[in-house]
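J.: I'd like to ask you about the structure that follows.
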Amino acid sequence: MGSDAVSGGRRARPVIAMLLPLLLAGCGDGGKAATGKLMLTGSSTVAPLALEIAKRYEADHPGVRIDVQTGGSSRGITDARSGVADIGMVSRALKPDESDLVAHAIAHDGIAIIVHASNPVTGLSADQIRAIYRGQVATWQAVGGPKRPITVVNKAEGRSTLELFLLHFGLASTQIHASVVIGDNEQGIKTVAGNPGAIGYVSVGAAEYAATHEVAIRLLPLDGIPASTATVKDGSFPLSRPLNLVTRGQPQGLAGDFIAYARSAAVHDRVRSLYFVPLD
Amino acid sequence: MSTPGRSSPPDGDAALRAVTGLAARLSGTVVVGIALFVLWQAWPALQAVGPLRFVTDAGWHPLAQPAQFNLLPMLVASVAVTLGAMLLAGPLGLFTAIFMTDYAPPALARLLRGVVELLAGVPSVVYGLWGLVTLVPLLAAWQPPGASLLAGILVLALMILPTMVLASHAAIAGVAAEHRLTVAALGFSCAGSLWGVLLPAARAGLCGALLLSTTRALGETMAMLMVTGNVARMPDSLFAPARTLTANIALELAYAMDRHRAALFVGGLLLTALVLALVRLARGLGCAWRHA
């Protein structure tokens, strides 16, 4: 994330935490590493997912308290290094100069470029997408499509999808000339489905679900690679990134147990509900 | 317009007086508390950025380097959709109410009232969804991108119409029966009695109806977020996308931190000031809430 600023912490401490263990008694490994406190800081993209996983983990382990605080990926790196946080949250792959840390992917985040299902354009180059989003190309005719104005659908500021999109195409938010600005994925999908001239981008998970459920949108391939949860999962889709938990050295004890849980199939439903792509 | 004397109520009223007084104080405190909270949250941005930049910056890019904080396009959009919706729904609502009280057969009036009440009960997100999947695509086929000031005005007009109809209906129907009998006895025509007596007599209530509809329009968030396009640029035509102050807060608050967050609260402050100004204006135009 761009900002290093520290925001208020949020603590996962559901009331049902006291009741759930009774229901779930006997399943899971509640015996070991059952008490303690964990501190997670970093990326605001990873934070909502980490918070959901933490809630569920706390419900299974009544003695455990997990704090999740946002402040950007760079804060996640800094805090994991300094030991301020037990686990850092980082929404990108680690850089070469961060090899002192160990990354544990918990999900993938990918972005699909979407157009209306009736749009005959089958693919756009990165340069064409840049030109469209800068407002330099204003009709589909200029990129091999019909004579129809392009409606550029962009995301609101602060969203991680916008950030990844800008980063990938090397654009600044001030350069973008949008016709419609949307909040969540669902609004973006409905906007594109209702306008034959629209182009937008949303999370791959949400776009794939809509396109396979009779919503009038189509996912455009990028650099010849089809946009799908499968290509995001295998790492071949270019507009994607891993969502990582990072630790200084191999995690021990409670941190190790929590990371193993966050990477397990037990949390895949939470991963999907936030439109991220689960690990296999 | 004289106020009845309030000196020394009988003893039996003491309890009621205490309860109502407490309720009034509580309501007042909550309103003032909210206003103070918004000011408190907006303060860091007002200090760090300075109030002037919220109207003079080149645009709204709170996360760019350097950040830009111009709220003026959103203020204009909020005022424009409200004004447009009032121009449509105001006369439409007033005439519907007049038809219901003075012209429609009782059965039709009851049916109309039922329909309007139904319309009033529809949640705003449903209007927004209808706008997004039906109205915006229709407009997009005519004047792309479809999501625009006009879409906002049309949806908003539909949403405040029930408020306008029901409140004006109550105001007109509340005109004393003796006024009606008098004008009938004097041989006024229907139109004459309407313009000359009934509407002036109902003026305070009608002003209330207008004010209530206008503030509801200004505050509408979800539906505007879904149909106006949310582009934070000064709209230059009815078909241009626009972002209202309320939509700006709803769009960005969940992901905003620090100065960005405080800047959104400045937008809230601006909206509060706008509503206050509107109430003052209504007072100045001779709209009094208390009706003699």
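The way I read the labels, and the way they are meant: chains A, B, ... in the order of the structure tokens, residue 1 as the first residue of every chain, and ligand 1 as the first ligand shown, with later ones counted on from there.
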So that I can see what lies close to range 106-118 of chain B, please list as a PyMOL selection string the residues with an atom at most 8 Å from it, counting only C-alpha atoms and leaving out residues fewer than 4 positions away in the same chain.
T.: chain B and resi 100-101+122+162+165-166
J.: Those same residues - N, CA and C atoms - I'd like them written as a short mmCIF file (atom, residue, chain, number, x, y, z; two decimals), in the first residue's frame.
T.:
```cif
data_model
loop_
_atom_site.label_atom_id
_atom_site.label_comp_id
_atom_site.auth_asym_id
_atom_site.auth_seq_id
_atom_site.Cartn_x
_atom_site.Cartn_y
_atom_site.Cartn_z
N MET B 100 -55.85 14.95 -5.08
CA MET B 100 -56.35 14.00 -4.08
C MET B 100 -57.33 14.65 -3.11
N THR B 101 -57.06 15.90 -2.68
CA THR B 101 -57.94 16.52 -1.68
C THR B 101 -59.19 17.11 -2.30
N VAL B 122 -40.52 2.07 -0.24
CA VAL B 122 -39.47 1.36 -0.97
C VAL B 122 -38.09 1.86 -0.50
N PRO B 162 -43.10 10.81 -3.06
CA PRO B 162 -44.05 10.45 -2.00
C PRO B 162 -44.00 11.40 -0.81
N VAL B 165 -45.84 14.51 -1.90
CA VAL B 165 -47.30 14.32 -2.01
C VAL B 165 -47.93 14.21 -0.62
N LEU B 166 -47.39 13.35 0.23
CA LEU B 166 -48.02 13.08 1.51
C LEU B 166 -48.00 14.32 2.41
#
```
J.: Counting only C-alpha atoms, which residues of chain A sit at most 10 Å from some atom of chain B, and what is each one's closest atom pair with its distance in Å to one decimal, listed by chain and rising residue number, as a tab-separated table?
T.:
```
residue	atom	partner	partner_atom	distance
A:Gly2	CA	B:Leu63	CA	8.4
A:Ser3	CA	B:Leu63	CA	8.6
A:Ala5	CA	B:Asp258	CA	7.3
A:Val6	CA	B:Asp258	CA	8.1
A:Ser7	CA	B:Met257	CA	6.4
A:Gly8	CA	B:Met257	CA	9.0
A:Ser44	CA	B:Tyr255	CA	8.1
A:Thr45	CA	B:Tyr255	CA	9.6
A:Thr70	CA	B:Met257	CA	9.4
A:Gly71	CA	B:Met257	CA	8.6
A:Arg148	CA	B:Pro144	CA	9.3
A:Pro149	CA	B:Pro144	CA	7.3
A:Ile150	CA	B:Pro145	CA	8.2
A:Thr151	CA	B:Pro145	CA	5.6
A:Val152	CA	B:Pro145	CA	8.5
A:Val153	CA	B:Gly229	CA	8.8
A:Asn154	CA	B:Val231	CA	8.9
A:Lys155	CA	B:Leu251	CA	9.4
A:Ala156	CA	B:Leu251	CA	6.5
A:Glu157	CA	B:Glu252	CA	6.5
A:Gly158	CA	B:Tyr255	CA	5.3
A:Arg159	CA	B:Tyr255	CA	6.5
A:Ser160	CA	B:Tyr255	CA	8.9
A:Ala172	CA	B:Ala64	CA	7.6
A:Ser173	CA	B:Ala64	CA	6.7
A:Thr174	CA	B:His61	CA	6.7
A:His177	CA	B:Val231	CA	9.0
A:Ala178	CA	B:Val231	CA	6.7
A:Ser179	CA	B:Pro145	CA	6.4
A:Val180	CA	B:Gly229	CA	4.2
A:Val181	CA	B:Asn230	CA	4.9
A:Ile182	CA	B:Asn230	CA	6.9
A:Gly183	CA	B:Leu251	CA	5.6
A:Asp184	CA	B:Leu251	CA	8.7
A:Gln187	CA	B:Met226	CA	7.3
A:Gly188	CA	B:Met226	CA	9.8
A:Lys190	CA	B:Val133	CA	6.8
A:Thr191	CA	B:Leu132	CA	7.0
A:Val192	CA	B:Pro137	CA	9.4
A:Ala193	CA	B:Val133	CA	8.5
A:Gly194	CA	B:Pro137	CA	4.9
A:Asn195	CA	B:Pro137	CA	5.7
A:Pro196	CA	B:Ala141	CA	8.3
A:Gly197	CA	B:Pro144	CA	8.1
A:Ala198	CA	B:Pro145	CA	8.0
```
J.: Have a look at CA of Gly76 in chain A and CA of Val90 in chain A and let me know their distance in Å, one decimal.
T.: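 Interatomic distance, CA of Gly76 in chain A to CA of Val90 in chain A: 6.0 Å.
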J.: Distance CA of Ala265 in chain A-CA of Ile106 in chain A, one decimal place?
T.: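 Distance between the two atoms: 10.3 Å.
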J.: Restricting the calculation to only C-alpha atoms: of A:Gln128, A:Thr231, A:Thr41, A:Ser264, which residue gets closest to Val84 in chain A?
T.: A:Thr41
J.: Which of range 55-228 of chain A counts as strand (DSSP E) under DSSP, as a PyMOL selection string please?
T.: chain A and resi 63-70+87-90+101-116+151-155+180-182+198-203+217-220
J.: Got a sec: who's within 6 Å of Val204 in chain A, counting only C-alpha atoms, leaving out chain neighbours fewer than 5 positions off, as a PyMOL selection string?
T.: chain A and resi 110-112
J.: Quick one: pick out all alpha helix (DSSP H) residues within range 89-231 of chain B from a backbone DSSP run and write them as a CSV table (one decimal) with N, CA and C atoms, in the first residue's frame.
T.:
```csv
chain,number,residue,atom,x,y,z
B,89,ALA,N,-40.2,17.0,-8.9
B,89,ALA,CA,-41.1,16.4,-7.9
B,89,ALA,C,-42.0,17.4,-7.2
B,90,GLY,N,-41.5,18.7,-7.1
B,90,GLY,CA,-42.3,19.7,-6.4
B,90,GLY,C,-43.6,19.9,-7.0
B,91,PRO,N,-43.7,20.5,-8.2
B,91,PRO,CA,-45.0,20.7,-8.8
B,91,PRO,C,-45.8,19.4,-8.9
B,92,LEU,N,-45.2,18.3,-9.4
B,92,LEU,CA,-45.9,17.0,-9.5
B,92,LEU,C,-46.5,16.6,-8.2
B,93,GLY,N,-45.8,16.7,-7.2
B,93,GLY,CA,-46.3,16.3,-5.8
B,93,GLY,C,-47.4,17.2,-5.4
B,94,LEU,N,-47.2,18.5,-5.6
B,94,LEU,CA,-48.2,19.4,-5.1
B,94,LEU,C,-49.5,19.2,-5.9
B,95,PHE,N,-49.4,19.1,-7.2
B,95,PHE,CA,-50.7,18.9,-8.0
B,95,PHE,C,-51.3,17.6,-7.7
B,96,THR,N,-50.5,16.5,-7.4
B,96,THR,CA,-51.1,15.3,-7.1
B,96,THR,C,-51.9,15.4,-5.8
B,97,ALA,N,-51.3,16.1,-4.8
B,97,ALA,CA,-51.9,16.3,-3.5
B,97,ALA,C,-53.2,17.1,-3.6
B,98,ILE,N,-53.2,18.2,-4.5
B,98,ILE,CA,-54.4,19.0,-4.7
B,98,ILE,C,-55.5,18.1,-5.3
B,106,PRO,N,-63.6,9.9,-3.8
B,106,PRO,CA,-63.0,9.4,-2.5
B,106,PRO,C,-62.2,8.0,-2.8
B,107,ALA,N,-62.9,7.2,-3.6
B,107,ALA,CA,-62.3,5.9,-3.8
B,107,ALA,C,-60.9,6.0,-4.5
B,108,LEU,N,-60.9,6.9,-5.6
B,108,LEU,CA,-59.6,7.1,-6.3
B,108,LEU,C,-58.6,7.8,-5.4
B,109,ALA,N,-59.0,8.7,-4.6
B,109,ALA,CA,-58.1,9.4,-3.7
B,109,ALA,C,-57.5,8.4,-2.7
B,110,ARG,N,-58.3,7.4,-2.2
B,110,ARG,CA,-57.7,6.4,-1.3
B,110,ARG,C,-56.7,5.5,-2.0
B,111,LEU,N,-57.1,5.1,-3.3
B,111,LEU,CA,-56.2,4.3,-4.0
B,111,LEU,C,-54.8,5.0,-4.3
B,112,LEU,N,-54.9,6.3,-4.7
B,112,LEU,CA,-53.7,7.1,-4.9
B,112,LEU,C,-52.9,7.2,-3.7
B,113,ARG,N,-53.5,7.4,-2.6
B,113,ARG,CA,-52.8,7.5,-1.3
B,113,ARG,C,-52.1,6.2,-1.0
B,114,GLY,N,-52.8,5.1,-1.2
B,114,GLY,CA,-52.1,3.8,-1.0
B,114,GLY,C,-50.9,3.6,-1.8
B,115,VAL,N,-51.0,4.0,-3.1
B,115,VAL,CA,-49.9,3.8,-4.1
B,115,VAL,C,-48.7,4.7,-3.6
B,116,VAL,N,-49.0,5.9,-3.3
B,116,VAL,CA,-48.0,6.8,-2.9
B,116,VAL,C,-47.3,6.4,-1.6
B,117,GLU,N,-48.1,5.9,-0.7
B,117,GLU,CA,-47.5,5.3,0.6
B,117,GLU,C,-46.6,4.1,0.3
B,118,LEU,N,-47.0,3.3,-0.7
B,118,LEU,CA,-46.2,2.2,-1.1
B,118,LEU,C,-44.9,2.7,-1.6
B,119,LEU,N,-44.9,3.7,-2.4
B,119,LEU,CA,-43.7,4.3,-3.0
B,119,LEU,C,-42.8,4.8,-1.9
B,120,ALA,N,-43.4,5.4,-0.9
B,120,ALA,CA,-42.6,5.9,0.2
B,120,ALA,C,-41.9,4.8,1.0
B,121,GLY,N,-42.4,3.6,0.9
B,121,GLY,CA,-41.9,2.5,1.7
B,121,GLY,C,-40.8,1.8,1.0
B,124,SER,N,-34.2,3.0,-0.4
B,124,SER,CA,-33.5,3.7,-1.4
B,124,SER,C,-32.6,2.8,-2.3
B,125,VAL,N,-32.1,1.8,-1.7
B,125,VAL,CA,-31.2,0.9,-2.4
B,125,VAL,C,-31.9,0.2,-3.6
B,126,VAL,N,-33.2,0.0,-3.4
B,126,VAL,CA,-34.0,-0.6,-4.5
B,126,VAL,C,-34.2,0.4,-5.6
B,127,TYR,N,-34.5,1.7,-5.3
B,127,TYR,CA,-34.5,2.7,-6.3
B,127,TYR,C,-33.2,2.8,-7.1
B,128,GLY,N,-32.1,2.7,-6.3
B,128,GLY,CA,-30.7,2.8,-6.9
B,128,GLY,C,-30.5,1.6,-7.8
B,129,LEU,N,-30.9,0.5,-7.4
B,129,LEU,CA,-30.7,-0.7,-8.2
B,129,LEU,C,-31.5,-0.7,-9.5
B,130,TRP,N,-32.7,-0.2,-9.4
B,130,TRP,CA,-33.6,0.0,-10.5
B,130,TRP,C,-32.9,1.0,-11.5
B,136,VAL,N,-30.1,3.7,-16.2
B,136,VAL,CA,-28.8,4.1,-16.7
B,136,VAL,C,-28.5,3.4,-18.1
B,137,PRO,N,-28.8,2.1,-18.3
B,137,PRO,CA,-28.6,1.5,-19.6
B,137,PRO,C,-29.4,2.2,-20.7
B,138,LEU,N,-30.7,2.6,-20.3
B,138,LEU,CA,-31.5,3.4,-21.3
B,138,LEU,C,-30.9,4.7,-21.7
B,139,LEU,N,-30.4,5.4,-20.7
B,139,LEU,CA,-29.7,6.7,-21.0
B,139,LEU,C,-28.4,6.5,-21.7
B,140,ALA,N,-27.8,5.4,-21.4
B,140,ALA,CA,-26.5,5.1,-22.0
B,140,ALA,C,-26.6,4.8,-23.5
B,141,ALA,N,-27.8,4.2,-23.9
B,141,ALA,CA,-28.0,4.0,-25.3
B,141,ALA,C,-28.3,5.3,-26.1
B,142,TRP,N,-28.7,6.3,-25.3
B,142,TRP,CA,-29.0,7.6,-26.0
B,142,TRP,C,-27.8,8.5,-25.8
B,149,LEU,N,-25.8,13.2,-14.1
B,149,LEU,CA,-26.7,14.1,-13.3
B,149,LEU,C,-28.1,13.8,-13.6
B,150,LEU,N,-28.5,13.6,-14.9
B,150,LEU,CA,-29.9,13.4,-15.2
B,150,LEU,C,-30.4,12.1,-14.6
B,151,ALA,N,-29.6,11.1,-14.6
B,151,ALA,CA,-30.1,9.8,-14.0
B,151,ALA,C,-30.3,10.0,-12.5
B,152,GLY,N,-29.4,10.8,-11.9
B,152,GLY,CA,-29.6,11.1,-10.5
B,152,GLY,C,-30.8,11.9,-10.2
B,153,ILE,N,-31.1,12.9,-11.0
B,153,ILE,CA,-32.2,13.8,-10.9
B,153,ILE,C,-33.5,12.9,-11.0
B,154,LEU,N,-33.6,12.1,-12.0
B,154,LEU,CA,-34.8,11.3,-12.2
B,154,LEU,C,-35.1,10.3,-11.1
B,155,VAL,N,-34.0,9.6,-10.6
B,155,VAL,CA,-34.2,8.7,-9.5
B,155,VAL,C,-34.6,9.4,-8.3
B,156,LEU,N,-33.9,10.6,-8.0
B,156,LEU,CA,-34.2,11.3,-6.8
B,156,LEU,C,-35.6,11.9,-6.8
B,157,ALA,N,-36.0,12.4,-8.0
B,157,ALA,CA,-37.4,12.9,-8.1
B,157,ALA,C,-38.4,11.9,-7.7
B,158,LEU,N,-38.2,10.6,-8.2
B,158,LEU,CA,-39.1,9.5,-7.9
B,158,LEU,C,-39.1,9.3,-6.4
B,159,MET,N,-37.9,9.4,-5.8
B,159,MET,CA,-37.8,9.0,-4.4
B,159,MET,C,-38.4,10.1,-3.5
B,160,ILE,N,-38.4,11.4,-3.8
B,160,ILE,CA,-38.9,12.4,-2.9
B,160,ILE,C,-40.4,12.7,-3.2
B,161,LEU,N,-40.8,12.2,-4.4
B,161,LEU,CA,-42.2,12.4,-4.7
B,161,LEU,C,-43.2,12.0,-3.6
B,162,PRO,N,-43.1,10.8,-3.1
B,162,PRO,CA,-44.0,10.4,-2.0
B,162,PRO,C,-44.0,11.4,-0.8
B,163,THR,N,-42.8,11.8,-0.4
B,163,THR,CA,-42.7,12.7,0.7
B,163,THR,C,-43.4,14.0,0.4
B,164,MET,N,-43.2,14.5,-0.8
B,164,MET,CA,-43.8,15.8,-1.3
B,164,MET,C,-45.4,15.6,-1.3
B,165,VAL,N,-45.8,14.5,-1.9
B,165,VAL,CA,-47.3,14.3,-2.0
B,165,VAL,C,-47.9,14.2,-0.6
B,166,LEU,N,-47.4,13.3,0.2
B,166,LEU,CA,-48.0,13.1,1.5
B,166,LEU,C,-48.0,14.3,2.4
B,167,ALA,N,-46.8,15.0,2.4
B,167,ALA,CA,-46.8,16.2,3.3
B,167,ALA,C,-47.6,17.3,2.8
B,168,SER,N,-47.7,17.5,1.4
B,168,SER,CA,-48.6,18.6,0.9
B,168,SER,C,-50.1,18.2,1.1
B,169,HIS,N,-50.3,16.9,1.0
B,169,HIS,CA,-51.7,16.5,1.2
B,169,HIS,C,-52.2,16.8,2.6
B,170,ALA,N,-51.3,16.4,3.5
B,170,ALA,CA,-51.6,16.7,5.0
B,170,ALA,C,-51.8,18.2,5.2
B,171,ALA,N,-51.0,19.0,4.6
B,171,ALA,CA,-51.1,20.5,4.7
B,171,ALA,C,-52.4,21.0,4.2
B,172,ILE,N,-52.8,20.6,3.0
B,172,ILE,CA,-54.0,21.1,2.3
B,172,ILE,C,-55.2,20.6,3.0
B,173,ALA,N,-55.2,19.3,3.3
B,173,ALA,CA,-56.4,18.7,4.0
B,173,ALA,C,-56.5,19.3,5.3
B,177,ALA,N,-62.1,23.6,7.9
B,177,ALA,CA,-63.3,23.3,7.1
B,177,ALA,C,-64.0,24.6,6.9
B,178,GLU,N,-64.0,25.5,7.9
B,178,GLU,CA,-64.8,26.8,7.7
B,178,GLU,C,-64.2,27.6,6.6
B,179,HIS,N,-62.9,27.6,6.3
B,179,HIS,CA,-62.3,28.3,5.2
B,179,HIS,C,-63.0,27.8,3.9
B,180,ARG,N,-63.1,26.5,3.8
B,180,ARG,CA,-63.7,25.9,2.6
B,180,ARG,C,-65.2,26.3,2.5
B,181,LEU,N,-65.9,26.2,3.6
B,181,LEU,CA,-67.3,26.6,3.5
B,181,LEU,C,-67.4,28.1,3.1
B,182,THR,N,-66.6,28.9,3.7
B,182,THR,CA,-66.7,30.3,3.4
B,182,THR,C,-66.5,30.6,1.9
B,183,VAL,N,-65.4,30.0,1.4
B,183,VAL,CA,-65.1,30.3,0.0
B,183,VAL,C,-66.2,29.8,-0.9
B,184,ALA,N,-66.8,28.6,-0.5
B,184,ALA,CA,-67.9,28.1,-1.3
B,184,ALA,C,-69.1,29.0,-1.2
B,185,ALA,N,-69.4,29.5,0.0
B,185,ALA,CA,-70.5,30.4,0.2
B,185,ALA,C,-70.4,31.7,-0.6
B,190,CYS,N,-63.4,27.0,-8.3
B,190,CYS,CA,-62.5,26.0,-7.7
B,190,CYS,C,-61.1,26.6,-7.7
B,191,ALA,N,-60.7,27.1,-8.9
B,191,ALA,CA,-59.3,27.6,-9.1
B,191,ALA,C,-59.1,28.8,-8.2
B,192,GLY,N,-60.1,29.7,-8.1
B,192,GLY,CA,-60.0,30.8,-7.3
B,192,GLY,C,-59.9,30.5,-5.8
B,193,SER,N,-60.6,29.5,-5.3
B,193,SER,CA,-60.5,29.2,-3.9
B,193,SER,C,-59.2,28.5,-3.6
B,199,LEU,N,-54.3,27.4,-0.7
B,199,LEU,CA,-52.8,27.3,-0.7
B,199,LEU,C,-52.2,28.3,0.2
B,200,PRO,N,-52.7,29.6,0.2
B,200,PRO,CA,-52.1,30.5,1.2
B,200,PRO,C,-52.3,30.0,2.6
B,201,ALA,N,-53.5,29.5,2.9
B,201,ALA,CA,-53.8,29.0,4.2
B,201,ALA,C,-52.9,27.8,4.6
B,203,ARG,N,-49.8,27.4,3.5
B,203,ARG,CA,-48.5,27.8,3.2
B,203,ARG,C,-47.4,27.2,4.1
B,204,ALA,N,-47.6,27.3,5.4
B,204,ALA,CA,-46.6,26.8,6.3
B,204,ALA,C,-46.4,25.3,6.2
B,205,GLY,N,-47.5,24.6,6.0
B,205,GLY,CA,-47.3,23.1,5.8
B,205,GLY,C,-46.7,22.8,4.5
B,206,LEU,N,-47.0,23.6,3.5
B,206,LEU,CA,-46.4,23.3,2.1
B,206,LEU,C,-44.9,23.6,2.2
B,207,CYS,N,-44.5,24.7,2.9
B,207,CYS,CA,-43.1,25.0,3.0
B,207,CYS,C,-42.4,23.9,3.7
B,208,GLY,N,-43.1,23.3,4.7
B,208,GLY,CA,-42.5,22.2,5.4
B,208,GLY,C,-42.3,21.0,4.5
B,209,ALA,N,-43.3,20.8,3.6
B,209,ALA,CA,-43.2,19.7,2.7
B,209,ALA,C,-42.0,19.9,1.7
B,210,LEU,N,-41.8,21.1,1.3
B,210,LEU,CA,-40.7,21.4,0.4
B,210,LEU,C,-39.4,21.2,1.1
B,211,LEU,N,-39.3,21.7,2.3
B,211,LEU,CA,-38.0,21.6,3.1
B,211,LEU,C,-37.7,20.2,3.4
B,212,LEU,N,-38.7,19.4,3.8
B,212,LEU,CA,-38.5,18.0,4.1
B,212,LEU,C,-38.0,17.2,2.9
B,213,SER,N,-38.6,17.5,1.7
B,213,SER,CA,-38.2,16.8,0.5
B,213,SER,C,-36.8,17.2,0.1
B,214,THR,N,-36.5,18.5,0.2
B,214,THR,CA,-35.2,19.0,-0.2
B,214,THR,C,-34.1,18.4,0.6
B,215,THR,N,-34.3,18.4,1.9
B,215,THR,CA,-33.2,17.8,2.8
B,215,THR,C,-33.1,16.3,2.6
B,216,ARG,N,-34.2,15.7,2.3
B,216,ARG,CA,-34.1,14.2,2.0
B,216,ARG,C,-33.3,14.0,0.7
B,217,ALA,N,-33.6,14.9,-0.3
B,217,ALA,CA,-32.9,14.8,-1.5
B,217,ALA,C,-31.4,15.0,-1.3
B,218,LEU,N,-31.0,16.0,-0.6
B,218,LEU,CA,-29.6,16.4,-0.3
B,218,LEU,C,-28.9,15.2,0.4
B,219,GLY,N,-29.6,14.5,1.3
B,219,GLY,CA,-29.0,13.5,2.1
B,219,GLY,C,-28.9,12.1,1.4
B,222,MET,N,-27.2,6.2,-1.1
B,222,MET,CA,-27.1,4.9,-1.9
B,222,MET,C,-27.5,5.0,-3.3
B,223,ALA,N,-28.7,5.6,-3.6
B,223,ALA,CA,-29.2,5.7,-4.9
B,223,ALA,C,-28.3,6.5,-5.8
B,224,MET,N,-27.8,7.6,-5.2
B,224,MET,CA,-26.9,8.5,-6.0
B,224,MET,C,-25.6,7.8,-6.3
B,225,LEU,N,-25.1,7.1,-5.4
B,225,LEU,CA,-23.9,6.3,-5.6
B,225,LEU,C,-24.0,5.4,-6.7
B,226,MET,N,-25.2,4.8,-6.9
B,226,MET,CA,-25.4,3.8,-8.0
B,226,MET,C,-25.7,4.4,-9.3
B,227,VAL,N,-26.2,5.6,-9.4
B,227,VAL,CA,-26.6,6.1,-10.8
B,227,VAL,C,-25.9,7.3,-11.3
```
J.: Point out the residue among A:Leu124, A:Leu171, A:Ala107, A:Leu94 with the least atom-to-atom distance to Asp234 in chain A, counting only C-alpha atoms.
T.: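 Distance minimum relative to Asp234 in chain A lands on A:Ala107.
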J.: So which one's closest to Ala85 in chain B, B:Asp13, B:Glu220, B:Asp102, B:Asp236? Using only C-alpha atoms, please.
T.: B:Glu220
J.: By how many Å are CA of Leu162 in chain A and CA of Gly50 in chain B apart?
T.: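 Distance reported for this atom pair: 27.6 Å.
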J.: Using only C-alpha atoms, which residues sit within 10 Å of Ala35 in chain B once same-chain residues fewer than 6 positions away are excluded, as an MDAnalysis selection string?
T.: chainID B and resid 29 268:269 272:273
J.: Can you write out the residues you just picked, keeping C-alpha atoms, as a PDB file, in the first residue's frame?
T.:
```pdb
ATOM      1  CA  THR B  29     -28.112  17.316  22.418  1.00  0.00           C
ATOM      2  CA  GLY B 268     -19.845  16.024   5.801  1.00  0.00           C
ATOM      3  CA  LEU B 269     -19.356  19.391   7.451  1.00  0.00           C
ATOM      4  CA  THR B 272     -24.383  20.034   7.333  1.00  0.00           C
ATOM      5  CA  ALA B 273     -23.729  23.688   6.586  1.00  0.00           C
TER       6      ALA B 273
END
```
